[in-house]
$ cat final08.txt   # compact mmCIF, C-alpha atoms
# COMPACT_ATOMS: atom_id res chain seq x y z
CA MET J 163 -22.73 22.94 -15.65
CA ALA J 164 -22.29 26.66 -16.21
CA ALA J 165 -18.76 27.91 -16.75
CA THR J 166 -18.23 29.67 -13.46
CA ALA J 167 -14.49 29.54 -13.04
CA GLY J 168 -13.15 30.90 -16.31
CA PRO J 169 -12.61 28.81 -19.47
CA GLU J 170 -9.07 27.60 -18.62
CA ILE J 171 -10.05 26.33 -15.19
CA GLU J 172 -13.33 24.85 -16.48
CA ARG J 173 -11.37 22.97 -19.14
CA LEU J 174 -8.99 21.60 -16.49
CA ILE J 175 -11.98 20.51 -14.40
CA ALA J 176 -13.61 18.81 -17.40
CA LEU J 177 -10.42 16.86 -18.17
CA LEU J 178 -9.87 15.84 -14.54
CA GLY J 179 -13.49 14.61 -14.52
CA LYS J 180 -12.60 12.11 -17.26
CA LEU J 181 -10.22 10.29 -14.91
CA PRO J 182 -11.74 7.14 -13.46
CA GLY J 183 -12.71 7.76 -9.84
CA LEU J 184 -13.34 11.49 -10.25
CA GLY J 185 -16.85 12.77 -10.93
CA PRO J 186 -17.77 16.37 -11.78
CA ARG J 187 -17.79 17.44 -8.14
CA SER J 188 -14.53 15.77 -7.11
CA ALA J 189 -12.89 17.04 -10.32
CA ARG J 190 -13.66 20.57 -9.09
CA ARG J 191 -12.09 19.80 -5.72
CA ALA J 192 -9.05 18.29 -7.44
CA ALA J 193 -8.63 21.34 -9.70
CA LEU J 194 -8.87 23.61 -6.69
CA ALA J 195 -6.27 21.57 -4.80
CA LEU J 196 -3.95 21.78 -7.81
CA LEU J 197 -4.34 25.55 -8.17
CA LYS J 198 -3.89 26.17 -4.47
CA ARG J 199 -0.94 23.85 -4.01
CA ARG J 200 1.17 25.01 -6.89
CA ASP J 201 4.63 24.06 -5.60
CA THR J 202 3.74 20.74 -4.04
CA LEU J 203 1.10 19.50 -6.49
CA LEU J 204 0.50 21.43 -9.72
CA ASP J 205 4.16 21.83 -10.72
CA PRO J 206 5.32 18.28 -9.92
CA LEU J 207 2.20 16.67 -11.44
CA THR J 208 2.60 18.69 -14.63
CA ALA J 209 6.24 17.68 -14.81
CA ALA J 210 5.36 14.01 -14.23
CA LEU J 211 2.76 14.11 -17.01
CA VAL J 212 5.16 15.80 -19.42
CA GLU J 213 7.72 13.12 -18.60
CA ALA J 214 5.14 10.35 -19.08
CA GLN J 215 4.14 11.82 -22.45
CA ALA J 216 7.74 11.83 -23.57
CA LYS J 217 8.99 8.56 -22.14
CA VAL J 218 6.32 5.94 -21.57
CA LYS J 219 5.84 3.47 -24.41
CA THR J 220 4.25 0.09 -25.03
CA CYS J 221 6.53 -2.95 -24.67
CA SER J 222 6.74 -4.70 -28.03
CA VAL J 223 7.06 -8.09 -26.31
CA CYS J 224 4.36 -8.16 -23.63
CA GLY J 225 2.30 -5.03 -24.34
CA SER J 226 2.97 -3.48 -20.92
CA LEU J 227 3.75 0.20 -20.42
CA ASP J 228 7.24 1.31 -19.39
CA THR J 229 9.91 3.85 -20.25
CA THR J 230 11.96 1.18 -22.00
CA ASP J 231 11.15 -1.26 -24.80
CA PRO J 232 11.31 -4.10 -23.99
CA CYS J 233 9.93 -3.23 -20.56
CA ALA J 234 11.91 -3.77 -17.35
CA ILE J 235 10.18 -7.10 -16.69
CA CYS J 236 10.74 -8.51 -20.20
CA ALA J 237 14.35 -7.30 -20.09
CA ASP J 238 14.98 -8.88 -16.67
CA ALA J 239 17.07 -11.99 -17.38
CA SER J 240 16.29 -13.37 -13.93
CA ARG J 241 12.61 -13.79 -14.79
CA ASP J 242 11.51 -17.18 -16.03
CA ARG J 243 10.78 -17.05 -19.76
CA ALA J 244 9.02 -20.41 -19.55
CA LEU J 245 6.06 -18.90 -17.70
CA ILE J 246 3.70 -16.48 -19.48
CA CYS J 247 0.99 -14.88 -17.38
CA VAL J 248 -1.85 -13.54 -19.56
CA VAL J 249 -3.59 -10.46 -18.13
CA GLU J 250 -6.38 -8.22 -19.35
CA ASP J 251 -4.56 -4.99 -18.73
CA VAL J 252 -1.40 -3.30 -17.45
CA GLY J 253 -3.19 -2.64 -14.15
CA SER J 254 -3.28 -6.41 -13.57
CA ILE J 255 0.51 -6.57 -14.01
CA TRP J 256 0.92 -3.90 -11.34
CA ALA J 257 -1.36 -5.87 -9.01
CA MET J 258 0.54 -9.12 -9.65
CA GLU J 259 3.88 -7.37 -9.10
CA ARG J 260 2.67 -5.91 -5.81
CA ALA J 261 1.80 -9.43 -4.70
CA ALA J 262 5.40 -10.37 -5.68
CA ALA J 263 4.36 -13.99 -6.13
CA PHE J 264 5.12 -14.45 -9.84
CA ARG J 265 8.60 -14.67 -11.34
CA GLY J 266 7.72 -15.27 -14.98
CA ARG J 267 6.72 -12.77 -17.67
CA TYR J 268 3.46 -11.24 -18.76
CA HIS J 269 1.30 -10.88 -21.82
CA VAL J 270 -1.20 -8.03 -21.96
CA LEU J 271 -4.33 -8.90 -23.97
CA GLY J 272 -5.55 -5.33 -24.04
CA GLY J 273 -9.11 -6.25 -23.11
CA LEU J 274 -11.51 -9.19 -23.02
CA LEU J 275 -13.66 -10.83 -25.65
CA SER J 276 -17.11 -9.29 -25.52
CA ALA J 277 -19.94 -10.07 -27.91
CA LEU J 278 -21.92 -7.14 -26.49
CA ASP J 279 -19.14 -4.61 -27.07
CA GLY J 280 -18.16 -6.17 -30.39
CA ILE J 281 -14.66 -7.09 -29.21
CA GLY J 282 -13.41 -10.14 -31.12
CA PRO J 283 -10.00 -11.87 -30.92
CA GLU J 284 -8.63 -9.65 -33.70
CA LYS J 285 -8.93 -6.61 -31.40
CA LEU J 286 -6.85 -8.29 -28.68
CA ARG J 287 -3.20 -9.34 -28.66
CA VAL J 288 -4.12 -12.99 -29.22
CA GLY J 289 -1.98 -13.61 -32.30
CA GLU J 290 1.08 -12.27 -30.45
CA LEU J 291 0.31 -14.61 -27.54
CA VAL J 292 0.07 -17.68 -29.77
CA ALA J 293 3.34 -16.68 -31.45
CA ARG J 294 5.09 -16.25 -28.08
CA ALA J 295 3.67 -19.55 -26.85
CA ALA J 296 5.23 -21.30 -29.85
CA ASP J 297 8.74 -19.88 -29.32
CA GLY J 298 10.08 -23.14 -27.90
CA VAL J 299 10.95 -21.59 -24.52
CA ALA J 300 7.44 -21.21 -23.08
CA ARG J 301 6.25 -24.12 -20.96
CA GLU J 302 3.12 -22.85 -19.22
CA VAL J 303 0.54 -20.15 -19.89
CA ILE J 304 -1.28 -18.88 -16.80
CA LEU J 305 -4.57 -17.17 -17.61
CA ALA J 306 -4.94 -14.50 -14.89
CA LEU J 307 -8.21 -13.06 -16.19
CA PRO J 308 -11.11 -11.64 -14.18
CA ALA J 309 -13.70 -14.04 -12.75
CA THR J 310 -16.43 -12.45 -14.87
CA VAL J 311 -18.44 -13.81 -17.79
CA ASP J 312 -16.23 -12.00 -20.33
CA GLY J 313 -13.09 -13.02 -18.44
CA GLN J 314 -14.06 -16.66 -18.44
CA THR J 315 -15.22 -16.61 -22.08
CA THR J 316 -11.83 -15.18 -22.98
CA ALA J 317 -9.99 -17.76 -20.87
CA HIS J 318 -11.83 -20.64 -22.57
CA TYR J 319 -11.19 -19.17 -26.00
CA LEU J 320 -7.47 -18.78 -25.25
CA ALA J 321 -7.24 -22.31 -23.87
CA ASP J 322 -8.68 -23.57 -27.19
CA ARG J 323 -6.32 -21.43 -29.26
CA LEU J 324 -3.31 -22.56 -27.21
CA ALA J 325 -4.23 -26.27 -27.26
CA PRO J 326 -2.24 -27.00 -30.50
CA THR J 327 0.96 -25.70 -28.84
CA GLY J 328 0.80 -28.52 -26.30
CA LEU J 329 1.71 -26.07 -23.50
CA GLN J 330 0.21 -26.39 -20.05
CA VAL J 331 -2.59 -23.82 -19.72
CA THR J 332 -3.70 -22.95 -16.18
CA MET J 333 -5.99 -20.46 -14.44
CA LEU J 334 -5.83 -18.68 -11.09
CA ALA J 335 -7.54 -20.57 -8.24
CA ARG J 336 -10.97 -19.49 -7.05
CA GLY J 337 -11.95 -19.22 -3.40
CA VAL J 338 -12.26 -17.08 -0.34
CA PRO J 339 -9.91 -14.06 -0.54
CA VAL J 340 -7.35 -13.59 2.24
CA GLY J 341 -9.05 -11.73 5.07
CA GLY J 342 -12.39 -12.46 3.43
CA ASP J 343 -15.29 -12.75 5.85
CA LEU J 344 -17.98 -15.13 4.62
CA ASP J 345 -20.62 -12.56 5.54
CA TRP J 346 -19.27 -10.22 2.89
CA LEU J 347 -18.71 -12.72 0.10
CA ASP J 348 -21.11 -13.24 -2.79
CA ASP J 349 -22.85 -16.60 -3.16
CA GLY J 350 -20.87 -17.53 -6.27
CA THR J 351 -17.54 -17.25 -4.46
CA ILE J 352 -18.78 -19.27 -1.50
CA ALA J 353 -20.12 -21.99 -3.83
CA GLN J 354 -16.81 -22.10 -5.76
CA ALA J 355 -14.78 -22.17 -2.55
CA LEU J 356 -16.90 -25.04 -1.27
CA ARG J 357 -16.58 -27.06 -4.48
CA ALA J 358 -12.80 -26.51 -4.52
CA ARG J 359 -12.39 -27.35 -0.81
CA ARG J 360 -9.21 -29.12 0.22
CA PRO J 361 -7.83 -30.94 3.25
CA ALA J 362 -7.06 -28.57 6.14
CA MET Z 48 3.60 0.10 -1.87
CA ALA Z 49 6.41 -1.47 -3.88
CA ALA Z 50 7.52 0.32 -7.04
CA THR Z 51 6.12 -2.05 -9.61
CA ALA Z 52 5.55 0.15 -12.61
CA GLY Z 53 8.87 1.90 -13.13
CA PRO Z 54 9.95 5.06 -11.27
CA GLU Z 55 8.37 7.57 -13.71
CA ILE Z 56 4.94 5.90 -13.59
CA GLU Z 57 5.13 5.36 -9.82
CA ARG Z 58 5.90 9.04 -9.38
CA LEU Z 59 2.87 9.96 -11.51
CA ILE Z 60 0.71 7.59 -9.44
CA ALA Z 61 1.99 9.08 -6.17
CA LEU Z 62 1.20 12.62 -7.33
CA LEU Z 63 -2.27 11.69 -8.60
CA GLY Z 64 -2.89 10.06 -5.21
CA LYS Z 65 -2.43 13.47 -3.55
CA LEU Z 66 -5.51 14.81 -5.33
CA PRO Z 67 -8.58 14.90 -3.09
CA GLY Z 68 -10.92 12.06 -4.04
CA LEU Z 69 -8.18 9.76 -5.32
CA GLY Z 70 -6.69 7.11 -3.03
CA PRO Z 71 -3.67 4.93 -3.85
CA ARG Z 72 -5.78 2.43 -5.78
CA SER Z 73 -7.79 4.92 -7.81
CA ALA Z 74 -4.60 6.89 -8.50
CA ARG Z 75 -3.27 3.75 -10.20
CA ARG Z 76 -6.41 3.44 -12.28
CA ALA Z 77 -6.20 7.13 -13.19
CA ALA Z 78 -2.54 6.81 -14.22
CA LEU Z 79 -3.38 3.80 -16.35
CA ALA Z 80 -6.27 5.65 -18.01
CA LEU Z 81 -3.93 8.56 -18.76
CA LEU Z 82 -1.24 6.35 -20.26
CA LYS Z 83 -3.71 4.35 -22.34
CA ARG Z 84 -5.71 7.32 -23.60
CA ARG Z 85 -2.86 9.50 -24.72
CA ASP Z 86 -4.63 11.57 -27.39
CA THR Z 87 -7.91 12.09 -25.58
CA LEU Z 88 -6.67 12.39 -22.00
CA LEU Z 89 -2.92 12.58 -21.31
CA ASP Z 90 -2.09 15.20 -23.94
CA PRO Z 91 -5.03 17.56 -23.30
CA LEU Z 92 -4.73 17.28 -19.49
CA THR Z 93 -1.01 18.01 -19.63
CA ALA Z 94 -1.70 21.02 -21.84
CA ALA Z 95 -4.43 22.25 -19.49
CA LEU Z 96 -2.10 21.97 -16.50
CA VAL Z 97 0.72 23.76 -18.30
CA GLU Z 98 -1.76 26.52 -19.18
CA ALA Z 99 -3.02 26.71 -15.60
CA GLN Z 100 0.57 26.96 -14.34
CA ALA Z 101 1.26 29.85 -16.68
CA LYS Z 102 -1.99 31.77 -16.48
CA VAL Z 103 -3.96 31.26 -13.28
CA LYS Z 104 -3.29 33.81 -10.55
CA THR Z 105 -4.85 35.06 -7.33
CA CYS Z 106 -7.15 38.08 -7.60
CA SER Z 107 -5.64 40.93 -5.56
CA VAL Z 108 -9.12 42.21 -4.67
CA CYS Z 109 -11.11 39.15 -3.58
CA GLY Z 110 -8.51 36.37 -3.40
CA SER Z 111 -10.22 34.21 -6.02
CA LEU Z 112 -8.33 32.33 -8.75
CA ASP Z 113 -8.61 33.42 -12.37
CA THR Z 114 -6.48 34.11 -15.42
CA THR Z 115 -6.90 37.86 -14.93
CA ASP Z 116 -6.22 40.16 -11.96
CA PRO Z 117 -8.65 41.50 -10.88
CA CYS Z 118 -10.69 38.38 -11.58
CA ALA Z 119 -13.61 38.37 -14.02
CA ILE Z 120 -16.12 38.82 -11.19
CA CYS Z 121 -14.31 41.77 -9.56
CA ALA Z 122 -13.81 43.35 -13.00
CA ASP Z 123 -17.49 42.95 -13.91
CA ALA Z 124 -18.98 46.44 -13.58
CA SER Z 125 -22.51 45.02 -13.58
CA ARG Z 126 -21.93 43.30 -10.23
CA ASP Z 127 -23.03 45.16 -7.13
CA ARG Z 128 -20.01 46.50 -5.23
CA ALA Z 129 -22.19 47.19 -2.21
CA LEU Z 130 -22.53 43.47 -1.46
CA ILE Z 131 -19.52 41.45 -0.26
CA CYS Z 132 -20.03 37.73 0.17
CA VAL Z 133 -17.36 36.20 2.43
CA VAL Z 134 -16.46 32.57 1.60
CA GLU Z 135 -13.98 30.09 3.00
CA ASP Z 136 -12.52 29.11 -0.31
CA VAL Z 137 -12.60 29.53 -4.09
CA GLY Z 138 -14.67 26.34 -4.33
CA SER Z 139 -17.48 28.16 -2.51
CA ILE Z 140 -17.41 30.92 -5.15
CA TRP Z 141 -17.83 28.31 -7.86
CA ALA Z 142 -20.77 26.80 -5.98
CA MET Z 143 -22.40 30.22 -5.46
CA GLU Z 144 -21.91 31.11 -9.13
CA ARG Z 145 -23.49 27.83 -10.22
CA ALA Z 146 -26.52 28.75 -8.13
CA ALA Z 147 -26.50 32.11 -9.99
CA ALA Z 148 -28.39 33.72 -7.12
CA PHE Z 149 -25.82 36.34 -6.06
CA ARG Z 150 -24.95 39.46 -8.03
CA GLY Z 151 -22.47 41.06 -5.66
CA ARG Z 152 -18.76 40.36 -5.19
CA TYR Z 153 -16.79 37.90 -3.10
CA HIS Z 154 -14.07 37.84 -0.50
CA VAL Z 155 -12.06 34.65 -0.05
CA LEU Z 156 -10.89 34.13 3.53
CA GLY Z 157 -8.56 31.30 2.62
CA GLY Z 158 -9.68 29.08 5.47
CA LEU Z 159 -11.49 29.17 8.80
CA LEU Z 160 -10.35 30.03 12.30
CA SER Z 161 -9.32 26.84 14.06
CA ALA Z 162 -7.82 26.65 17.51
CA LEU Z 163 -7.02 22.96 16.93
CA ASP Z 164 -5.10 23.59 13.69
CA GLY Z 165 -3.55 26.80 15.04
CA ILE Z 166 -5.20 29.02 12.43
CA GLY Z 167 -5.69 32.52 13.80
CA PRO Z 168 -7.07 35.64 12.07
CA GLU Z 169 -3.59 36.64 10.91
CA LYS Z 170 -3.46 33.57 8.65
CA LEU Z 171 -6.73 34.50 6.93
CA ARG Z 172 -7.56 37.46 4.69
CA VAL Z 173 -9.37 39.24 7.53
CA GLY Z 174 -7.47 42.53 7.38
CA GLU Z 175 -8.22 42.80 3.66
CA LEU Z 176 -11.90 42.20 4.37
CA VAL Z 177 -12.09 44.93 7.02
CA ALA Z 178 -10.32 47.32 4.65
CA ARG Z 179 -12.74 46.52 1.82
CA ALA Z 180 -15.71 46.89 4.16
CA ALA Z 181 -14.54 50.42 5.03
CA ASP Z 182 -14.21 51.59 1.41
CA GLY Z 183 -17.44 53.62 1.57
CA VAL Z 184 -19.14 51.59 -1.18
CA ALA Z 185 -19.84 48.38 0.74
CA ARG Z 186 -23.26 48.22 2.40
CA GLU Z 187 -23.68 44.60 3.44
CA VAL Z 188 -21.33 41.70 4.22
CA ILE Z 189 -22.88 38.26 3.78
CA LEU Z 190 -21.01 35.54 5.69
CA ALA Z 191 -21.44 32.40 3.54
CA LEU Z 192 -19.38 30.13 5.76
CA PRO Z 193 -19.91 26.41 6.45
CA ALA Z 194 -22.42 25.43 9.13
CA THR Z 195 -19.66 23.79 11.17
CA VAL Z 196 -18.13 24.72 14.52
CA ASP Z 197 -15.13 26.39 12.85
CA GLY Z 198 -17.39 28.06 10.29
CA GLN Z 199 -19.62 29.53 12.96
CA THR Z 200 -16.70 30.57 15.18
CA THR Z 201 -15.23 32.39 12.20
CA ALA Z 202 -18.58 34.02 11.37
CA HIS Z 203 -18.96 35.34 14.92
CA TYR Z 204 -15.40 36.63 14.95
CA LEU Z 205 -15.91 38.43 11.63
CA ALA Z 206 -19.22 39.92 12.79
CA ASP Z 207 -17.36 41.36 15.81
CA ARG Z 208 -14.53 42.70 13.67
CA LEU Z 209 -16.97 44.27 11.20
CA ALA Z 210 -19.21 45.85 13.88
CA PRO Z 211 -17.25 49.16 13.98
CA THR Z 212 -17.87 49.66 10.23
CA GLY Z 213 -21.62 49.89 10.87
CA LEU Z 214 -22.29 47.67 7.83
CA GLN Z 215 -25.13 45.17 7.82
CA VAL Z 216 -23.62 41.71 8.48
CA THR Z 217 -25.79 38.72 7.51
CA MET Z 218 -25.47 34.93 7.31
CA LEU Z 219 -26.97 32.34 4.97
CA ALA Z 220 -30.30 30.95 6.18
CA ARG Z 221 -30.41 27.49 7.79
CA GLY Z 222 -33.06 24.94 7.01
CA VAL Z 223 -34.15 21.97 4.96
CA PRO Z 224 -32.18 21.84 1.67
CA VAL Z 225 -34.16 21.85 -1.59
CA GLY Z 226 -35.18 18.26 -2.34
CA GLY Z 227 -34.24 17.35 1.23
CA ASP Z 228 -36.23 14.49 2.68
CA LEU Z 229 -36.63 14.79 6.46
CA ASP Z 230 -35.69 11.11 6.78
CA TRP Z 231 -32.20 11.91 5.53
CA LEU Z 232 -31.57 15.10 7.47
CA ASP Z 233 -29.55 15.27 10.64
CA ASP Z 234 -31.26 16.30 13.86
CA GLY Z 235 -29.47 19.63 14.03
CA THR Z 236 -30.81 20.74 10.64
CA ILE Z 237 -34.35 19.69 11.54
CA ALA Z 238 -34.16 21.56 14.86
CA GLN Z 239 -32.82 24.71 13.13
CA ALA Z 240 -35.44 24.50 10.39
CA LEU Z 241 -38.17 24.20 13.02
CA ARG Z 242 -36.90 27.16 15.05
CA ALA Z 243 -36.67 29.29 11.91
CA ARG Z 244 -40.11 28.24 10.64
CA ARG Z 245 -42.13 30.83 8.75
CA PRO Z 246 -45.69 31.28 7.51
CA ALA Z 247 -46.52 28.98 4.61

$ encode --input "final08.txt" --output "structure tokens"
Amino acid sequence: MAATAGPEIERLIALLGKLPGLGPRSARRAALALLKRRDTLLDPLTAALVEAQAKVKTCSVCGSLDTTDPCAICADASRDRALICVVEDVGSIWAMERAAAFRGRYHVLGGLLSALDGIGPEKLRVGELVARAADGVAREVILALPATVDGQTTAHYLADRLAPTGLQVTMLARGVPVGGDLDWLDDGTIAQALRARRPA
Amino acid sequence: MAATAGPEIERLIALLGKLPGLGPRSARRAALALLKRRDTLLDPLTAALVEAQAKVKTCSVCGSLDTTDPCAICADASRDRALICVVEDVGSIWAMERAAAFRGRYHVLGGLLSALDGIGPEKLRVGELVARAADGVAREVILALPATVDGQTTAHYLADRLAPTGLQVTMLARGVPVGGDLDWLDDGTIAQALRARRPA
């Protein structure tokens, strides 16, 4: 696209366009909103990014992102150290925490095994997981990985790697999501929900 | 939504969510992408925003945004001062410049008249437009406003206000957009394109 808005603004647009969810056109709209709403948007967002640059770090225990190391969850003595929930990414931790249904701790893999993308176990935080699982406190490892081919390959691989520890290894249940209308569900989910049916 | 990612990160997410095109969920994904891709995304975007804060200003002639005042377009002696293209917003200038079909100068209104939103002429850069139109150099004012009710109301109002200057006041043509398939066009556009038909 031709540089029509001056190099500084074009550069801002190009960088905003790298954010997931923003394409070239919406990046332009976002840049415009920032430049027009200086006090309420540009200044506070810049300050928040500067603060994130300076303060956010990776938790050395679970691999999550927080302003402290260990992160607030790992440092929270009220959370059950016997339960380790393995997630692909920090975004999954945020989703789990919003659900507020889990009171253990997390372990961020940092991705999924993928033969296609050349991602082997050595590129993920698998060794750290096995080490944590063998700390004598852990009792159960919950594999909260996506219900995709790579997610399931990774889950099976981790279950194998964790077998020698003797810990219980579990996976999230499959079925119809809350509020899920059968009309909108894919065939695979319906088939899984049917196979895993239970007394009403 | 519960604060699940620490106050600094939640604040960043909330601010990203104010950008047009990003909802609460995509703001989370964007924040995560920023925090994970520090060197390629967080650092350069922060720098670009800091630069925009420091350098971008409003052009005192046309109301556009640029790092210089007057803006690069108003300062460009090769652009025809006799043609003033009136646009709602800076985003429209960027779109016109991408089309590279206009060699005159612009005038940013800063919005559209809207009885519903209580936006009268005094909240737009109408006085500045009338003053520019009377500078003795201007010959034609092109109203490049949206083909919406507010856009057309504003265009009619401006045509009335500009009538005493004796300048030619024109509007963008209506019709089938380039690449536009009739199947996908709304009835109003088809009706306008038919009324404004011309010899093939």

$ interface_residues --input "final08.txt" --of "chain J" --to "chain Z" --cutoff "8 Å" --atoms "all atoms listed in the file" --output "VMD selection string"
chain J and resid 163 to 164 166 to 168 170 to 171 173 to 174 177 to 178 180 to 184 188 190 to 192 194 to 197 200 203 to 208 210 to 215 218 227 to 229 234 252 to 253 256 259 to 260

$ atom_distance --input "final08.txt" --atom1 "CA of Pro168 in chain Z" --atom2 "CA of Arg126 in chain Z"
27.9 Å

$ residues_near_point --input "final08.txt" --point "(-20.8, 40.5, 0.3)" --cutoff "10 Å" --atoms "only C-alpha atoms" --output "PyMOL selection string"
chain Z and resi 127-134+149-154+176+180+185-191+215-217

$ closest_residue --input "final08.txt" --among "Z:Asp123, Z:Asp116, Z:Glu135, Z:Asp228" --to "Arg172 in chain Z" --atoms "only C-alpha atoms"
Z:Glu135

$ atom_distance --input "final08.txt" --atom1 "CA of Gly280 in chain J" --atom2 "CA of Asp312 in chain J"
11.8 Å

$ atom_distance --input "final08.txt" --atom1 "CA of Cys236 in chain J" --atom2 "CA of Cys221 in chain J"
8.3 Å

$ closest_residue --input "final08.txt" --among "J:Gly342, J:Gly337, J:Pro326, J:Pro232" --to "Arg360 in chain J" --atoms "only C-alpha atoms"
J:Gly337

$ residues_around --input "final08.txt" --residues "Ala202 in chain Z" --least-positions-apart "2" --cutoff "9 Å" --atoms "only C-alpha atoms" --output "number ranges by chain"
Z: 159, 190-192, 197-200, 204-207, 218

$ residues_around --input "final08.txt" --residues "Val292 in chain J" --least-positions-apart "6" --cutoff "9 Å" --atoms "only C-alpha atoms" --output "PyMOL selection string"
chain J and resi 320+323-324+327
